Amino acid sequence: MDKVLRIIDANFNRAREGLRVIEDGIRFYYNADRTHIKQIKDIRHSLASVIEKNFGLLKVKVARDTVHDTGKVIDTRKREDIREVIERNFLRVSEALRVMEEYSKATKPAVSSLFHNLRFKLYKAEKDVSLYIQRKEIPSPYLSVLLNIGKDISLKSVKMTVDCAPDIIILRSTGTDDGYFLKVARKIRKIVPPAVKYLISGRPDICLLCDADGVFLDKKDIPYEEVRKILQDRTILTDNVKTVNIPIKEIDISRSRLKELFTEDIDGIILMTGMDIPKNIETIIKIIKKEVQGYGGRRKETAGKK
């Protein structure tokens, strides 16, 4: 039995199993886009090709000795969340690739560079996937407050709004110059807590410069596909979702009126402020937030009965 082939076989199995765990996790659990799935799939296929062409799948299987494998009885059971499962499998795959890279030097030195290249492709994929899955998810249904930023914006009123903890704060410029808008966006960034998602309306450049969580796009803004190239892992909320817009100056905050808004399968509420944030914004957000949470609970119950 070729002991080096036995090492290659064990780590080939370890790597491809780990890649499959990662691929299925980002595909079915995180609903990742094709780019991330293709990254992992390409590495898995390339690895299989390297083994088959340079060692032969049958040869490495012949070298396998599961009966006398002293490591097979080690208990590795541990409760993990899905993110940890994916992160640990990236580590598992990178270690396996490094082992194959080093031990292949003993039999086929030229193949070592192929494992080396795959390892660095994995590092790139690990970074891209990690950034993707660690982004903060938008709850559904959500309550968002859209703040129109003009020259006379009151940061005190903004903080009062943020302290009410809506799910999302959206910042929109109302004709102010870009320098002023960026300055205000940065100040607001400092007062928005991690639990509240902070989005900039239609401006991926301002989003990056003020380190916001993402952008909100409507039909007149840069297309989603182009913005994704710029923002990569950050949140992009579009007006394609089923959202009810409520101009605050027109709002009837009676519970009966609000319940009428939740007759369809909506994804969220956008409470739209004018140039001035009303003094009773805390009361308005509190009432609407309670209705949103109640609607979310009713929707879960309905879904569970289907």
# chains A, B, ... in the order shown; residues from 1 in each chain; ligands from 1
>>> select_by_dssp(residues="stretch 83-283 of chain A", states="strand (DSSP E or B)", output="tab-separated table (two decimals) with N, CA and C atoms, in the first residue's frame")
chain	number	residue	atom	x	y	z
A	142	TYR	N	-40.73	44.16	8.12
A	142	TYR	CA	-39.87	45.14	8.77
A	142	TYR	C	-40.56	46.50	8.86
A	143	LEU	N	-40.05	47.30	9.78
A	143	LEU	CA	-40.49	48.70	9.87
A	143	LEU	C	-39.29	49.58	9.56
A	144	SER	N	-39.43	50.39	8.53
A	144	SER	CA	-38.36	51.29	8.12
A	144	SER	C	-38.83	52.73	8.23
A	145	VAL	N	-37.90	53.61	8.60
A	145	VAL	CA	-38.20	55.04	8.62
A	145	VAL	C	-37.29	55.73	7.60
A	146	LEU	N	-37.89	56.42	6.66
A	146	LEU	CA	-37.13	57.14	5.64
A	146	LEU	C	-36.99	58.60	6.05
A	147	LEU	N	-35.75	59.04	6.23
A	147	LEU	CA	-35.47	60.41	6.64
A	147	LEU	C	-35.01	61.23	5.45
A	148	ASN	N	-35.72	62.29	5.15
A	148	ASN	CA	-35.32	63.21	4.09
A	148	ASN	C	-34.38	64.26	4.67
A	149	ILE	N	-33.17	64.32	4.15
A	149	ILE	CA	-32.14	65.19	4.71
A	149	ILE	C	-32.06	66.51	3.95
A	168	ILE	N	-35.05	49.47	10.18
A	168	ILE	CA	-34.20	50.10	9.16
A	168	ILE	C	-34.35	51.62	9.23
A	169	ILE	N	-33.25	52.32	9.05
A	169	ILE	CA	-33.25	53.76	8.83
A	169	ILE	C	-32.74	54.00	7.41
A	170	ILE	N	-33.52	54.71	6.60
A	170	ILE	CA	-33.11	55.05	5.23
A	170	ILE	C	-32.88	56.55	5.14
A	171	LEU	N	-31.73	56.93	4.63
A	171	LEU	CA	-31.38	58.34	4.51
A	171	LEU	C	-31.48	58.76	3.04
A	172	ARG	N	-32.22	59.82	2.79
A	172	ARG	CA	-32.39	60.32	1.41
A	172	ARG	C	-32.05	61.80	1.36
A	173	SER	N	-31.29	62.21	0.34
A	173	SER	CA	-30.95	63.62	0.15
A	173	SER	C	-32.08	64.32	-0.59
A	197	LYS	N	-30.54	48.55	10.87
A	197	LYS	CA	-29.85	48.60	9.59
A	197	LYS	C	-29.91	50.02	9.03
A	198	TYR	N	-28.77	50.51	8.59
A	198	TYR	CA	-28.63	51.89	8.13
A	198	TYR	C	-28.38	51.90	6.61
A	199	LEU	N	-29.36	52.40	5.85
A	199	LEU	CA	-29.27	52.39	4.39
A	199	LEU	C	-29.28	53.81	3.83
A	200	ILE	N	-28.60	53.99	2.70
A	200	ILE	CA	-28.59	55.26	1.99
A	200	ILE	C	-29.42	55.10	0.72
A	201	SER	N	-30.33	56.02	0.48
A	201	SER	CA	-31.21	55.91	-0.68
A	201	SER	C	-30.49	56.30	-1.97
A	214	GLY	N	-25.86	49.52	3.70
A	214	GLY	CA	-26.29	49.22	2.34
A	214	GLY	C	-27.06	50.38	1.74
A	215	VAL	N	-27.83	50.07	0.69
A	215	VAL	CA	-28.60	51.10	0.00
A	215	VAL	C	-30.04	50.65	-0.21
A	216	PHE	N	-30.88	51.65	-0.44
A	216	PHE	CA	-32.25	51.41	-0.87
A	216	PHE	C	-32.37	51.94	-2.29
A	217	LEU	N	-32.86	51.10	-3.21
A	217	LEU	CA	-32.95	51.48	-4.61
A	217	LEU	C	-34.39	51.52	-5.08
A	235	THR	N	-26.06	45.24	2.11
A	235	THR	CA	-27.48	45.05	1.86
A	235	THR	C	-27.96	45.96	0.74
A	236	ILE	N	-28.77	45.40	-0.14
A	236	ILE	CA	-29.43	46.20	-1.17
A	236	ILE	C	-30.93	45.91	-1.08
A	237	LEU	N	-31.67	46.89	-0.62
A	237	LEU	CA	-33.12	46.77	-0.52
A	237	LEU	C	-33.74	47.51	-1.70
A	238	THR	N	-34.59	46.86	-2.45
A	238	THR	CA	-35.18	47.49	-3.63
A	238	THR	C	-36.69	47.66	-3.44
A	243	THR	N	-43.88	46.55	-0.29
A	243	THR	CA	-43.74	47.50	0.82
A	243	THR	C	-44.86	48.53	0.76
A	244	VAL	N	-45.38	48.87	1.92
A	244	VAL	CA	-46.38	49.92	2.03
A	244	VAL	C	-45.69	51.21	2.46
A	245	ASN	N	-45.81	52.26	1.67
A	245	ASN	CA	-45.23	53.55	2.02
A	245	ASN	C	-46.28	54.41	2.72
A	246	ILE	N	-45.91	54.97	3.86
A	246	ILE	CA	-46.83	55.81	4.62
A	246	ILE	C	-46.21	57.20	4.81
A	247	PRO	N	-46.68	58.21	4.05
A	247	PRO	CA	-46.21	59.58	4.32
A	247	PRO	C	-46.68	60.01	5.70
A	268	GLY	N	-42.90	44.79	4.31
A	268	GLY	CA	-42.55	45.80	5.28
A	268	GLY	C	-43.29	47.10	5.10
A	269	ILE	N	-43.05	48.00	6.05
A	269	ILE	CA	-43.63	49.34	6.07
A	269	ILE	C	-42.49	50.35	5.97
A	270	ILE	N	-42.64	51.35	5.11
A	270	ILE	CA	-41.70	52.46	5.08
A	270	ILE	C	-42.44	53.71	5.53
A	271	LEU	N	-42.08	54.21	6.69
A	271	LEU	CA	-42.66	55.43	7.24
A	271	LEU	C	-41.85	56.61	6.70
A	272	MET	N	-42.47	57.44	5.89
A	272	MET	CA	-41.76	58.49	5.17
A	272	MET	C	-41.94	59.84	5.86
>>> residues_around(residues="A:Arg189", least_positions_apart="5", cutoff="9 Å", atoms="only C-alpha atoms", output="list in words")
Val184, Tyr198, Cys210, Asp211 and Ala212 of chain A
>>> atom_distance(atom1="atom CA of A:Val192", atom2="atom CA of A:Leu209")
15.6 Å
>>> residues_around(residues="A:Val99", least_positions_apart="5", cutoff="9 Å", atoms="only C-alpha atoms", output="list in words")
Ile7, Ile8, Asn11, Ser94 and Ser104 of chain A
>>> write_last_selection(atoms="N, CA and C atoms", output="short mmCIF file (atom, residue, chain, number, x, y, z; two decimals), in the first residue's frame")
data_model
loop_
_atom_site.label_atom_id
_atom_site.label_comp_id
_atom_site.auth_asym_id
_atom_site.auth_seq_id
_atom_site.Cartn_x
_atom_site.Cartn_y
_atom_site.Cartn_z
N ILE A 7 -2.53 9.12 2.28
CA ILE A 7 -2.69 10.49 2.81
C ILE A 7 -3.43 11.36 1.80
N ILE A 8 -3.07 11.22 0.51
CA ILE A 8 -3.74 12.00 -0.54
C ILE A 8 -5.23 11.65 -0.58
N ASN A 11 -7.22 13.10 2.45
CA ASN A 11 -7.42 14.54 2.39
C ASN A 11 -8.24 14.97 1.19
N SER A 94 -9.10 23.91 3.63
CA SER A 94 -7.78 24.53 3.44
C SER A 94 -6.67 23.67 4.04
N SER A 104 2.35 15.62 -1.80
CA SER A 104 2.51 15.31 -3.23
C SER A 104 3.93 15.59 -3.70
#
>>> residues_around(residues="A:Leu182", least_positions_apart="2", cutoff="9 Å", atoms="only C-alpha atoms", output="MDAnalysis selection string")
chainID A and resid 177:180 184:187 206:207 209:210
>>> select_by_dssp(residues="stretch 13-49 of chain A", states="alpha helix (DSSP H)", output="JSON list (two decimals) with C-alpha atoms, in the first residue's frame")
[["chain", "number", "residue", "atom", "x", "y", "z"],
["A", 13, "ASN", "CA", -12.19, 12.97, 0.69],
["A", 14, "ARG", "CA", -11.94, 15.52, 3.50],
["A", 15, "ALA", "CA", -11.69, 18.41, 1.06],
["A", 16, "ARG", "CA", -14.49, 17.43, -1.31],
["A", 17, "GLU", "CA", -16.85, 16.60, 1.57],
["A", 18, "GLY", "CA", -16.10, 19.98, 3.14],
["A", 19, "LEU", "CA", -16.68, 21.77, -0.15],
["A", 20, "ARG", "CA", -20.04, 20.06, -0.54],
["A", 21, "VAL", "CA", -21.05, 21.09, 2.98],
["A", 22, "ILE", "CA", -20.13, 24.70, 2.17],
["A", 23, "GLU", "CA", -21.86, 24.64, -1.21],
["A", 24, "ASP", "CA", -25.14, 23.25, 0.13],
["A", 34, "ARG", "CA", -24.66, 32.06, -8.52],
["A", 35, "THR", "CA", -21.26, 33.73, -8.14],
["A", 36, "HIS", "CA", -20.62, 32.32, -4.67],
["A", 37, "ILE", "CA", -21.99, 28.87, -5.51],
["A", 38, "LYS", "CA", -19.88, 28.71, -8.68],
["A", 39, "GLN", "CA", -16.72, 29.62, -6.75],
["A", 40, "ILE", "CA", -17.09, 26.57, -4.52],
["A", 41, "LYS", "CA", -18.28, 24.26, -7.27],
["A", 42, "ASP", "CA", -15.32, 25.17, -9.51],
["A", 43, "ILE", "CA", -12.84, 24.38, -6.73],
["A", 44, "ARG", "CA", -14.54, 21.04, -6.07],
["A", 45, "HIS", "CA", -14.49, 20.06, -9.75],
["A", 46, "SER", "CA", -10.90, 21.25, -10.21],
["A", 47, "LEU", "CA", -9.75, 19.23, -7.21],
["A", 48, "ALA", "CA", -11.37, 16.06, -8.55],
["A", 49, "SER", "CA", -9.72, 16.69, -11.93]]
>>> residues_around(residues="A:Leu122", least_positions_apart="2", cutoff="8 Å", atoms="only C-alpha atoms", output="MDAnalysis selection string")
chainID A and resid 40 43 90 94 118:120 124:126
>>> closest_residue(among="A:Asp267, A:Asp152, A:Glu225, A:Asp2", to="A:Pro139", atoms="only C-alpha atoms")
A:Asp267
>>> residues_around(residues="A:Val4", least_positions_apart="4", cutoff="10 Å", atoms="only C-alpha atoms", output="JSON, numbers by chain")
{"A": [8, 9, 10, 60, 63, 100, 103, 104, 105, 106, 107]}
>>> closest_residue(among="A:Leu97, A:Ala32, A:Ala195, A:Ile287", to="A:Ser112", atoms="only C-alpha atoms")
A:Leu97
>>> atom_distance(atom1="atom CA of A:Tyr224", atom2="atom CA of A:Asp128")
18.5 Å
>>> closest_residue(among="A:Leu231, A:Val50, A:Ser154, A:Pro278", to="A:Ala110", atoms="only C-alpha atoms")
A:Val50
